[in-house]
$ cat coords-v8.cif   # mmCIF, C-alpha atoms
data_upload
#
loop_
_atom_site.group_PDB
_atom_site.id
_atom_site.type_symbol
_atom_site.label_atom_id
_atom_site.label_comp_id
_atom_site.auth_asym_id
_atom_site.auth_seq_id
_atom_site.Cartn_x
_atom_site.Cartn_y
_atom_site.Cartn_z
ATOM 1 C CA MET B 1 0.000 0.000 0.000
ATOM 2 C CA TYR B 2 2.808 2.427 0.900
ATOM 3 C CA LYS B 3 6.249 2.463 -0.698
ATOM 4 C CA ALA B 4 7.759 4.665 2.010
ATOM 5 C CA ILE B 5 7.248 5.103 5.743
ATOM 6 C CA LEU B 6 8.363 8.384 7.305
ATOM 7 C CA PHE B 7 8.811 8.585 11.061
ATOM 8 C CA ASP B 8 9.083 11.345 13.593
ATOM 9 C CA LEU B 9 11.877 10.446 15.992
ATOM 10 C CA ASP B 10 11.396 11.706 19.559
ATOM 11 C CA ASN B 11 8.522 10.063 21.400
ATOM 12 C CA THR B 12 7.734 8.084 18.256
ATOM 13 C CA LEU B 13 10.729 5.817 17.656
ATOM 14 C CA LEU B 14 12.797 6.988 20.620
ATOM 15 C CA ASP B 15 11.645 7.615 24.182
ATOM 16 C CA TYR B 16 12.728 11.243 24.469
ATOM 17 C CA ASP B 17 11.507 11.679 28.041
ATOM 18 C CA ARG B 18 13.592 8.760 29.289
ATOM 19 C CA CYS B 19 16.657 9.914 27.328
ATOM 20 C CA GLU B 20 16.343 13.401 28.793
ATOM 21 C CA ALA B 21 15.826 12.177 32.356
ATOM 22 C CA ASP B 22 18.702 9.687 32.255
ATOM 23 C CA SER B 23 21.055 12.237 30.688
ATOM 24 C CA MET B 24 20.257 14.735 33.411
ATOM 25 C CA LEU B 25 20.617 12.138 36.160
ATOM 26 C CA MET B 26 24.054 11.121 34.887
ATOM 27 C CA THR B 27 25.046 14.777 34.584
ATOM 28 C CA GLY B 28 23.941 15.510 38.119
ATOM 29 C CA ARG B 29 25.832 12.580 39.550
ATOM 30 C CA GLN B 30 28.966 13.369 37.536
ATOM 31 C CA HIS B 31 29.017 16.940 38.863
ATOM 32 C CA GLY B 32 27.846 16.123 42.384
ATOM 33 C CA LEU B 33 24.584 18.083 42.199
ATOM 34 C CA GLU B 34 22.893 15.739 44.637
ATOM 35 C CA GLU B 35 25.389 16.827 47.299
ATOM 36 C CA TRP B 36 24.457 20.509 47.012
ATOM 37 C CA GLU B 37 22.614 22.111 49.893
ATOM 38 C CA ARG B 38 18.817 22.025 49.448
ATOM 39 C CA PHE B 39 19.142 20.039 46.206
ATOM 40 C CA SER B 40 16.283 17.819 45.086
ATOM 41 C CA TRP B 41 15.450 16.600 41.602
ATOM 42 C CA GLU B 42 11.861 17.777 41.933
ATOM 43 C CA LEU B 43 13.042 21.300 42.749
ATOM 44 C CA PHE B 44 15.589 21.233 39.939
ATOM 45 C CA TRP B 45 13.198 19.937 37.250
ATOM 46 C CA THR B 46 10.299 22.228 38.129
ATOM 47 C CA THR B 47 12.663 25.172 37.810
ATOM 48 C CA PHE B 48 14.701 23.996 34.814
ATOM 49 C CA ALA B 49 11.888 22.745 32.543
ATOM 50 C CA PRO B 50 10.017 26.033 31.962
ATOM 51 C CA ILE B 51 13.255 28.000 31.588
ATOM 52 C CA ASN B 52 14.569 25.500 29.066
ATOM 53 C CA GLY B 53 11.246 25.572 27.212
ATOM 54 C CA VAL B 54 11.491 29.333 26.721
ATOM 55 C CA TYR B 55 15.035 29.202 25.369
ATOM 56 C CA TRP B 56 14.156 26.256 23.103
ATOM 57 C CA ASN B 57 11.169 28.073 21.633
ATOM 58 C CA GLU B 58 13.202 31.247 21.096
ATOM 59 C CA ARG B 59 16.296 29.539 19.698
ATOM 60 C CA THR B 60 15.540 30.231 16.023
ATOM 61 C CA GLU B 61 14.562 33.865 16.442
ATOM 62 C CA ARG B 62 17.545 34.553 18.701
ATOM 63 C CA LYS B 63 19.915 32.394 16.637
ATOM 64 C CA LEU B 64 20.932 30.296 19.647
ATOM 65 C CA SER B 65 22.898 27.078 19.269
ATOM 66 C CA ILE B 66 21.755 24.052 21.266
ATOM 67 C CA ARG B 67 24.755 24.483 23.544
ATOM 68 C CA GLN B 68 23.732 28.072 24.246
ATOM 69 C CA VAL B 69 20.168 26.951 24.950
ATOM 70 C CA LEU B 70 21.461 24.452 27.499
ATOM 71 C CA ASP B 71 24.076 26.771 28.983
ATOM 72 C CA TYR B 72 21.547 29.566 29.522
ATOM 73 C CA SER B 73 18.969 27.129 30.867
ATOM 74 C CA PHE B 74 21.375 25.743 33.452
ATOM 75 C CA ARG B 75 22.677 29.244 34.265
ATOM 76 C CA ASP B 76 19.236 30.702 34.931
ATOM 77 C CA THR B 77 18.105 27.644 36.867
ATOM 78 C CA LEU B 78 21.141 27.691 39.145
ATOM 79 C CA ALA B 79 20.868 31.450 39.657
ATOM 80 C CA ARG B 80 17.181 31.251 40.506
ATOM 81 C CA LEU B 81 17.856 28.545 43.087
ATOM 82 C CA ASP B 82 20.838 30.457 44.500
ATOM 83 C CA TRP B 83 23.389 27.859 43.411
ATOM 84 C CA ASP B 84 26.695 28.340 41.604
ATOM 85 C CA ALA B 85 25.676 29.544 38.125
ATOM 86 C CA SER B 86 29.303 29.668 36.953
ATOM 87 C CA ARG B 87 29.125 25.891 36.440
ATOM 88 C CA SER B 88 26.422 26.113 33.783
ATOM 89 C CA ALA B 89 28.672 25.651 30.734
ATOM 90 C CA LYS B 90 30.270 22.488 32.105
ATOM 91 C CA LEU B 91 26.883 21.073 33.088
ATOM 92 C CA ALA B 92 25.501 21.846 29.636
ATOM 93 C CA GLU B 93 28.412 20.150 27.877
ATOM 94 C CA THR B 94 28.197 17.049 30.042
ATOM 95 C CA TYR B 95 24.448 16.804 29.565
ATOM 96 C CA TRP B 96 24.731 17.159 25.787
ATOM 97 C CA ASP B 97 27.422 14.471 25.591
ATOM 98 C CA HIS B 98 25.242 12.036 27.532
ATOM 99 C CA PHE B 99 22.098 12.890 25.571
ATOM 100 C CA CYS B 100 23.779 12.381 22.192
ATOM 101 C CA ALA B 101 24.965 8.933 23.288
ATOM 102 C CA LEU B 102 21.608 7.638 24.560
ATOM 103 C CA CYS B 103 19.111 5.746 22.439
ATOM 104 C CA HIS B 104 16.148 4.496 24.461
ATOM 105 C CA PHE B 105 13.529 3.063 22.108
ATOM 106 C CA GLU B 106 9.787 3.212 22.312
ATOM 107 C CA GLU B 107 8.644 -0.342 22.981
ATOM 108 C CA GLY B 108 8.731 -2.377 19.767
ATOM 109 C CA ALA B 109 10.214 0.402 17.612
ATOM 110 C CA LYS B 110 13.567 -1.192 16.826
ATOM 111 C CA GLU B 111 11.963 -4.510 15.953
ATOM 112 C CA LEU B 112 9.471 -2.774 13.660
ATOM 113 C CA LEU B 113 12.223 -0.932 11.786
ATOM 114 C CA GLY B 114 14.118 -4.190 11.316
ATOM 115 C CA GLU B 115 11.051 -5.803 9.778
ATOM 116 C CA LEU B 116 10.337 -2.872 7.462
ATOM 117 C CA HIS B 117 13.912 -2.403 6.287
ATOM 118 C CA GLY B 118 14.260 -3.703 2.760
ATOM 119 C CA SER B 119 10.521 -3.891 2.054
ATOM 120 C CA ARG B 120 9.783 -0.162 2.351
ATOM 121 C CA LYS B 121 11.848 2.979 1.997
ATOM 122 C CA LEU B 122 12.317 4.474 5.461
ATOM 123 C CA ALA B 123 12.934 8.057 6.550
ATOM 124 C CA VAL B 124 13.146 10.238 9.630
ATOM 125 C CA VAL B 125 11.594 13.711 9.597
ATOM 126 C CA SER B 126 12.476 15.365 12.914
ATOM 127 C CA ASN B 127 12.276 18.813 14.473
ATOM 128 C CA GLY B 128 15.267 17.973 16.642
ATOM 129 C CA ILE B 129 18.970 18.776 16.435
ATOM 130 C CA GLY B 130 20.895 16.979 13.705
ATOM 131 C CA GLU B 131 23.954 16.190 15.808
ATOM 132 C CA ALA B 132 21.885 14.496 18.483
ATOM 133 C CA GLN B 133 19.496 12.678 16.162
ATOM 134 C CA ARG B 134 22.272 11.216 14.045
ATOM 135 C CA LYS B 135 24.445 10.191 17.004
ATOM 136 C CA ARG B 136 21.550 8.705 18.983
ATOM 137 C CA THR B 137 20.262 6.601 16.095
ATOM 138 C CA ALA B 138 23.811 5.486 15.300
ATOM 139 C CA SER B 139 24.233 4.492 18.951
ATOM 140 C CA GLY B 140 21.065 2.415 18.713
ATOM 141 C CA ASP B 141 22.218 0.846 15.418
ATOM 142 C CA ILE B 142 19.234 2.124 13.404
ATOM 143 C CA PHE B 143 20.713 5.075 11.485
ATOM 144 C CA ARG B 144 21.820 2.661 8.762
ATOM 145 C CA LEU B 145 18.203 1.574 8.200
ATOM 146 C CA PHE B 146 17.010 4.939 6.854
ATOM 147 C CA ASP B 147 17.062 5.983 3.209
ATOM 148 C CA ALA B 148 16.548 9.647 4.120
ATOM 149 C CA PHE B 149 17.248 11.488 7.368
ATOM 150 C CA ILE B 150 15.782 14.994 7.491
ATOM 151 C CA VAL B 151 16.333 17.158 10.563
ATOM 152 C CA SER B 152 14.915 20.650 10.848
ATOM 153 C CA ASP B 153 18.016 22.521 11.971
ATOM 154 C CA GLU B 154 19.959 21.113 9.018
ATOM 155 C CA VAL B 155 17.421 22.137 6.355
ATOM 156 C CA GLY B 156 16.157 25.352 7.967
ATOM 157 C CA ARG B 157 12.505 24.299 8.062
ATOM 158 C CA TRP B 158 10.411 22.970 10.923
ATOM 159 C CA LYS B 159 7.280 20.867 11.011
ATOM 160 C CA PRO B 160 4.447 21.576 10.303
ATOM 161 C CA ASP B 161 6.021 23.325 7.300
ATOM 162 C CA PRO B 162 5.236 20.934 4.416
ATOM 163 C CA TYR B 163 8.574 21.708 2.781
ATOM 164 C CA ILE B 164 10.448 19.484 5.224
ATOM 165 C CA PHE B 165 8.245 16.576 4.106
ATOM 166 C CA GLU B 166 8.774 17.459 0.456
ATOM 167 C CA ILE B 167 12.536 17.178 0.966
ATOM 168 C CA ALA B 168 12.068 13.659 2.337
ATOM 169 C CA LEU B 169 9.804 12.634 -0.541
ATOM 170 C CA ARG B 170 12.332 13.870 -3.098
ATOM 171 C CA GLU B 171 15.166 11.985 -1.441
ATOM 172 C CA LEU B 172 13.053 8.821 -1.302
ATOM 173 C CA GLY B 173 11.796 9.226 -4.866
ATOM 174 C CA VAL B 174 8.119 8.752 -3.987
ATOM 175 C CA ARG B 175 4.905 10.741 -4.371
ATOM 176 C CA PRO B 176 2.880 11.943 -1.354
ATOM 177 C CA SER B 177 0.238 9.283 -2.027
ATOM 178 C CA GLU B 178 2.901 6.577 -1.748
ATOM 179 C CA ALA B 179 4.062 7.594 1.734
ATOM 180 C CA LEU B 180 2.796 7.262 5.294
ATOM 181 C CA PHE B 181 4.037 9.513 8.083
ATOM 182 C CA VAL B 182 4.007 8.314 11.692
ATOM 183 C CA GLY B 183 4.281 10.774 14.581
ATOM 184 C CA ASP B 184 3.092 11.630 18.066
ATOM 185 C CA SER B 185 2.333 15.349 17.650
ATOM 186 C CA LEU B 186 -0.966 16.589 16.250
ATOM 187 C CA GLU B 187 0.358 20.151 16.115
ATOM 188 C CA CYS B 188 3.548 19.398 14.187
ATOM 189 C CA ASP B 189 3.227 15.933 12.665
ATOM 190 C CA TYR B 190 -0.454 15.681 11.791
ATOM 191 C CA ALA B 191 -0.718 19.262 10.552
ATOM 192 C CA GLY B 192 2.495 18.949 8.546
ATOM 193 C CA ALA B 193 1.577 15.655 6.909
ATOM 194 C CA LEU B 194 -1.870 17.007 6.073
ATOM 195 C CA ALA B 195 -0.369 20.088 4.433
ATOM 196 C CA ALA B 196 2.029 17.896 2.438
ATOM 197 C CA GLY B 197 -0.735 15.553 1.255
ATOM 198 C CA ILE B 198 0.687 12.536 3.097
ATOM 199 C CA ASP B 199 -1.417 10.000 4.992
ATOM 200 C CA PHE B 200 -0.808 10.285 8.736
ATOM 201 C CA CYS B 201 -0.705 7.680 11.478
ATOM 202 C CA PHE B 202 -1.065 9.201 14.926
ATOM 203 C CA TYR B 203 1.024 7.388 17.517
ATOM 204 C CA ASN B 204 -1.216 8.166 20.457
ATOM 205 C CA ARG B 205 1.205 7.038 23.146
ATOM 206 C CA SER B 206 -0.698 8.891 25.874
ATOM 207 C CA ARG B 207 -4.119 7.634 24.704
ATOM 208 C CA ALA B 208 -5.427 11.185 24.550
ATOM 209 C CA PRO B 209 -8.942 11.792 23.209
ATOM 210 C CA LEU B 210 -9.037 13.548 19.847
ATOM 211 C CA ASP B 211 -10.841 16.849 19.483
ATOM 212 C CA ALA B 212 -13.580 17.255 16.927
ATOM 213 C CA GLY B 213 -12.148 17.927 13.496
ATOM 214 C CA ILE B 214 -8.924 16.008 14.148
ATOM 215 C CA ALA B 215 -9.042 12.985 11.878
ATOM 216 C CA PRO B 216 -5.756 11.216 11.167
ATOM 217 C CA ARG B 217 -6.005 8.408 8.632
ATOM 218 C CA TYR B 218 -4.845 5.945 11.294
ATOM 219 C CA ALA B 219 -4.194 5.938 15.031
ATOM 220 C CA VAL B 220 -2.269 3.435 17.136
ATOM 221 C CA GLU B 221 -1.416 3.275 20.828
ATOM 222 C CA ARG B 222 1.584 0.973 20.366
ATOM 223 C CA ILE B 223 4.156 1.594 17.664
ATOM 224 C CA GLY B 224 4.162 -2.087 16.705
ATOM 225 C CA ASP B 225 0.477 -1.890 15.768
ATOM 226 C CA ILE B 226 1.526 -0.153 12.551
ATOM 227 C CA ARG B 227 2.096 -3.662 11.202
ATOM 228 C CA SER B 228 -1.662 -4.166 10.870
ATOM 229 C CA ILE B 229 -1.881 -1.043 8.698
ATOM 230 C CA LEU B 230 1.033 -1.955 6.466
ATOM 231 C CA PHE B 231 0.531 -5.673 6.073
ATOM 232 C CA ASP B 232 -3.238 -6.118 5.977
ATOM 233 C CA GLY B 233 -4.495 -2.569 5.381
ATOM 234 C CA SER B 234 -6.754 -2.473 8.420
ATOM 235 C CA LYS B 235 -7.516 0.737 10.256
ATOM 236 C CA VAL B 236 -6.420 0.406 13.883
#
$ encode --input "coords-v8.cif" --output "C-alpha cells"
Amino acid sequence: MYKAILFDLDNTLLDYDRCEADSMLMTGRQHGLEEWERFSWELFWTTFAPINGVYWNERTERKLSIRQVLDYSFRDTLARLDWDASRSAKLAETYWDHFCALCHFEEGAKELLGELHGSRKLAVVSNGIGEAQRKRTASGDIFRLFDAFIVSDEVGRWKPDPYIFEIALRELGVRPSEALFVGDSLECDYAGALAAGIDFCFYNRSRAPLDAGIAPRYAVERIGDIRSILFDGSKV
C-alpha cells in the first residue's frame, strides 16, 4: 500500500523523556549536584523545565545554538535557586554528551524498523537537532536503516512546514500518495503531513482523546500496531 514510511523520531521511535531524564541524572551525579545544599530533583526539574522551554522556543529567532540553549537554561536555573551559576557551561556540555549517546527506544520500535527495512523505503523527519538525532540513532544501530534522514536545523525548516516533508519525498523518490508519516504530535506531525498531502498515522502514546475535526487516517497506541496497517491494510 505504501512504498515509504516516514517517522518522527522523539517520542515516536525513541523515548525522548527517558533519554532526557537519564542524561540529566548522569550529569547531576557526575558533577555532584545531589550533594548541594537544598538540592532535590523535583526542585531542579520544576525550575529547569520552563526556563529550558522558553530558550528552546526562542532559539531560532535569537539564533541560539543548542549548547547556548542548554548553557543559559542551566545558568538561569542555578541562579534562581541560588546555586553556583558559573558551572552552567560544564553542566551543559556534560548533559549534551550524555544525551547524544543515549538511544532508548519506544517499545517495539527497533523490531518494527528491522522488519520494514528492505521492504519499504524508510525516513526520519524530525524537528530535533541533527547532531543528536544522528548520534543517537547510530548508537542504537538504526541510522543505517534509513534511506533519508531529514532534521529541521539542518534544512532550515520545521514541522508543520510541508517543505520538510517534500525534501524527504524527493530523497526517497516517492509521491505523497505513496508515503505514510508516523508521529506523536498533532500540532507538528499531523498538521504537517496534512499540508504535504501525506497519509498520517497518529502514535497516540498517551491515549489522549481527539478533538472534533482532528481525523488522522490511522491511530495506534503501540508503535508495533503499525504492522496491521502496512501488512493487511486495516484501520487500527
$ closest_atom_pairs --input "coords-v8.cif" --of "region 95-129 of chain B" --to "region 218-226 of chain B" --cutoff "10 Å" --atoms "all atoms listed in the file" --output "tab-separated table"
residue	atom	partner	partner_atom	distance
B:Glu106	CA	B:Ile223	CA	7.5
B:Glu107	CA	B:Ile223	CA	7.2
B:Gly108	CA	B:Gly224	CA	5.5
B:Ala109	CA	B:Ile223	CA	6.2
B:Lys110	CA	B:Gly224	CA	9.4
B:Glu111	CA	B:Gly224	CA	8.2
B:Leu112	CA	B:Gly224	CA	6.2
B:Leu113	CA	B:Gly224	CA	9.5
$ resolve_selection --input "coords-v8.cif" --expression "the PyMOL selection byres ((chain B and resi 7) around 9)" --output "ChimeraX atom specification"
/B:5-6,8-9,12-13,122-126,180-183
$ atom_distance --input "coords-v8.cif" --atom1 "CA of Asp76 (chain B)" --atom2 "CA of Ala92 (chain B)"
12.1 Å
$ residues_near_point --input "coords-v8.cif" --point "(21.8, 27.7, 27.3)" --cutoff "9 Å" --atoms "all atoms listed in the file" --output "list in words"
Asn52, Tyr55, Trp56, Leu64, Ser65, Ile66, Arg67, Gln68, Val69, Leu70, Asp71, Tyr72, Ser73, Phe74, Arg75, Asp76, Ser88, Ala89 and Ala92 of chain B
$ write_last_selection --input "coords-v8.cif" --atoms "C-alpha atoms" --output "PDB file, in the coordinates of the input"
ATOM      1  CA  ASN B  52      14.569  25.500  29.066  1.00  0.00           C
ATOM      2  CA  TYR B  55      15.035  29.202  25.369  1.00  0.00           C
ATOM      3  CA  TRP B  56      14.156  26.256  23.103  1.00  0.00           C
ATOM      4  CA  LEU B  64      20.932  30.296  19.647  1.00  0.00           C
ATOM      5  CA  SER B  65      22.898  27.078  19.269  1.00  0.00           C
ATOM      6  CA  ILE B  66      21.755  24.052  21.266  1.00  0.00           C
ATOM      7  CA  ARG B  67      24.755  24.483  23.544  1.00  0.00           C
ATOM      8  CA  GLN B  68      23.732  28.072  24.246  1.00  0.00           C
ATOM      9  CA  VAL B  69      20.168  26.951  24.950  1.00  0.00           C
ATOM     10  CA  LEU B  70      21.461  24.452  27.499  1.00  0.00           C
ATOM     11  CA  ASP B  71      24.076  26.771  28.983  1.00  0.00           C
ATOM     12  CA  TYR B  72      21.547  29.566  29.522  1.00  0.00           C
ATOM     13  CA  SER B  73      18.969  27.129  30.867  1.00  0.00           C
ATOM     14  CA  PHE B  74      21.375  25.743  33.452  1.00  0.00           C
ATOM     15  CA  ARG B  75      22.677  29.244  34.265  1.00  0.00           C
ATOM     16  CA  ASP B  76      19.236  30.702  34.931  1.00  0.00           C
ATOM     17  CA  SER B  88      26.422  26.113  33.783  1.00  0.00           C
ATOM     18  CA  ALA B  89      28.672  25.651  30.734  1.00  0.00           C
ATOM     19  CA  ALA B  92      25.501  21.846  29.636  1.00  0.00           C
TER      20      ALA B  92
END
$ residues_around --input "coords-v8.cif" --residues "region 158-174 of chain B" --least-positions-apart "3" --cutoff "10 Å" --atoms "only C-alpha atoms" --output "PyMOL selection string"
chain B and resi 2-6+121-128+146-155+177-179+181+185-198
$ write_last_selection --input "coords-v8.cif" --atoms "C-alpha atoms" --output "tab-separated table (two decimals), in the frame of the given file"
chain	number	residue	atom	x	y	z
B	2	TYR	CA	2.81	2.43	0.90
B	3	LYS	CA	6.25	2.46	-0.70
B	4	ALA	CA	7.76	4.66	2.01
B	5	ILE	CA	7.25	5.10	5.74
B	6	LEU	CA	8.36	8.38	7.30
B	121	LYS	CA	11.85	2.98	2.00
B	122	LEU	CA	12.32	4.47	5.46
B	123	ALA	CA	12.93	8.06	6.55
B	124	VAL	CA	13.15	10.24	9.63
B	125	VAL	CA	11.59	13.71	9.60
B	126	SER	CA	12.48	15.36	12.91
B	127	ASN	CA	12.28	18.81	14.47
B	128	GLY	CA	15.27	17.97	16.64
B	146	PHE	CA	17.01	4.94	6.85
B	147	ASP	CA	17.06	5.98	3.21
B	148	ALA	CA	16.55	9.65	4.12
B	149	PHE	CA	17.25	11.49	7.37
B	150	ILE	CA	15.78	14.99	7.49
B	151	VAL	CA	16.33	17.16	10.56
B	152	SER	CA	14.92	20.65	10.85
B	153	ASP	CA	18.02	22.52	11.97
B	154	GLU	CA	19.96	21.11	9.02
B	155	VAL	CA	17.42	22.14	6.36
B	177	SER	CA	0.24	9.28	-2.03
B	178	GLU	CA	2.90	6.58	-1.75
B	179	ALA	CA	4.06	7.59	1.73
B	181	PHE	CA	4.04	9.51	8.08
B	185	SER	CA	2.33	15.35	17.65
B	186	LEU	CA	-0.97	16.59	16.25
B	187	GLU	CA	0.36	20.15	16.11
B	188	CYS	CA	3.55	19.40	14.19
B	189	ASP	CA	3.23	15.93	12.66
B	190	TYR	CA	-0.45	15.68	11.79
B	191	ALA	CA	-0.72	19.26	10.55
B	192	GLY	CA	2.50	18.95	8.55
B	193	ALA	CA	1.58	15.66	6.91
B	194	LEU	CA	-1.87	17.01	6.07
B	195	ALA	CA	-0.37	20.09	4.43
B	196	ALA	CA	2.03	17.90	2.44
B	197	GLY	CA	-0.74	15.55	1.25
B	198	ILE	CA	0.69	12.54	3.10
$ closest_residue --input "coords-v8.cif" --among "B:Phe39, B:Trp96, B:Tyr203, B:Phe48" --to "Asp10 (chain B)" --atoms "only C-alpha atoms"
B:Tyr203
$ atom_distance --input "coords-v8.cif" --atom1 "CA of Met1 (chain B)" --atom2 "CA of Ile229 (chain B)"
9.0 Å
$ axis_aligned_box --input "coords-v8.cif" --around "region 167-186 of chain B" --padding-each-side "6 Å" --output "JSON"
{"center_x": 7.1, "center_y": 11.9, "center_z": 6.6, "size_x": 28.1, "size_y": 22.6, "size_z": 34.9}
$ closest_residue --input "coords-v8.cif" --among "B:Glu42, B:Glu20, B:Phe99, B:Arg217" --to "Lys135 (chain B)" --atoms "all atoms listed in the file"
B:Phe99
$ closest_residue --input "coords-v8.cif" --among "B:Glu115, B:Asp184, B:Asp141, B:Glu61" --to "Tyr16 (chain B)" --atoms "all atoms listed in the file"
B:Asp184
$ resolve_selection --input "coords-v8.cif" --expression "the PyMOL selection byres ((chain B and resi 26) around 12)" --output "PyMOL selection string"
chain B and resi 19-25+27-34+91+94-99+101-102
$ closest_residue --input "coords-v8.cif" --among "B:Gly130, B:Gly114, B:Pro50, B:Pro176" --to "Asp199 (chain B)" --atoms "only C-alpha atoms"
B:Pro176
$ atom_distance --input "coords-v8.cif" --atom1 "CA of Arg80 (chain B)" --atom2 "CA of Thr47 (chain B)"
8.0 Å
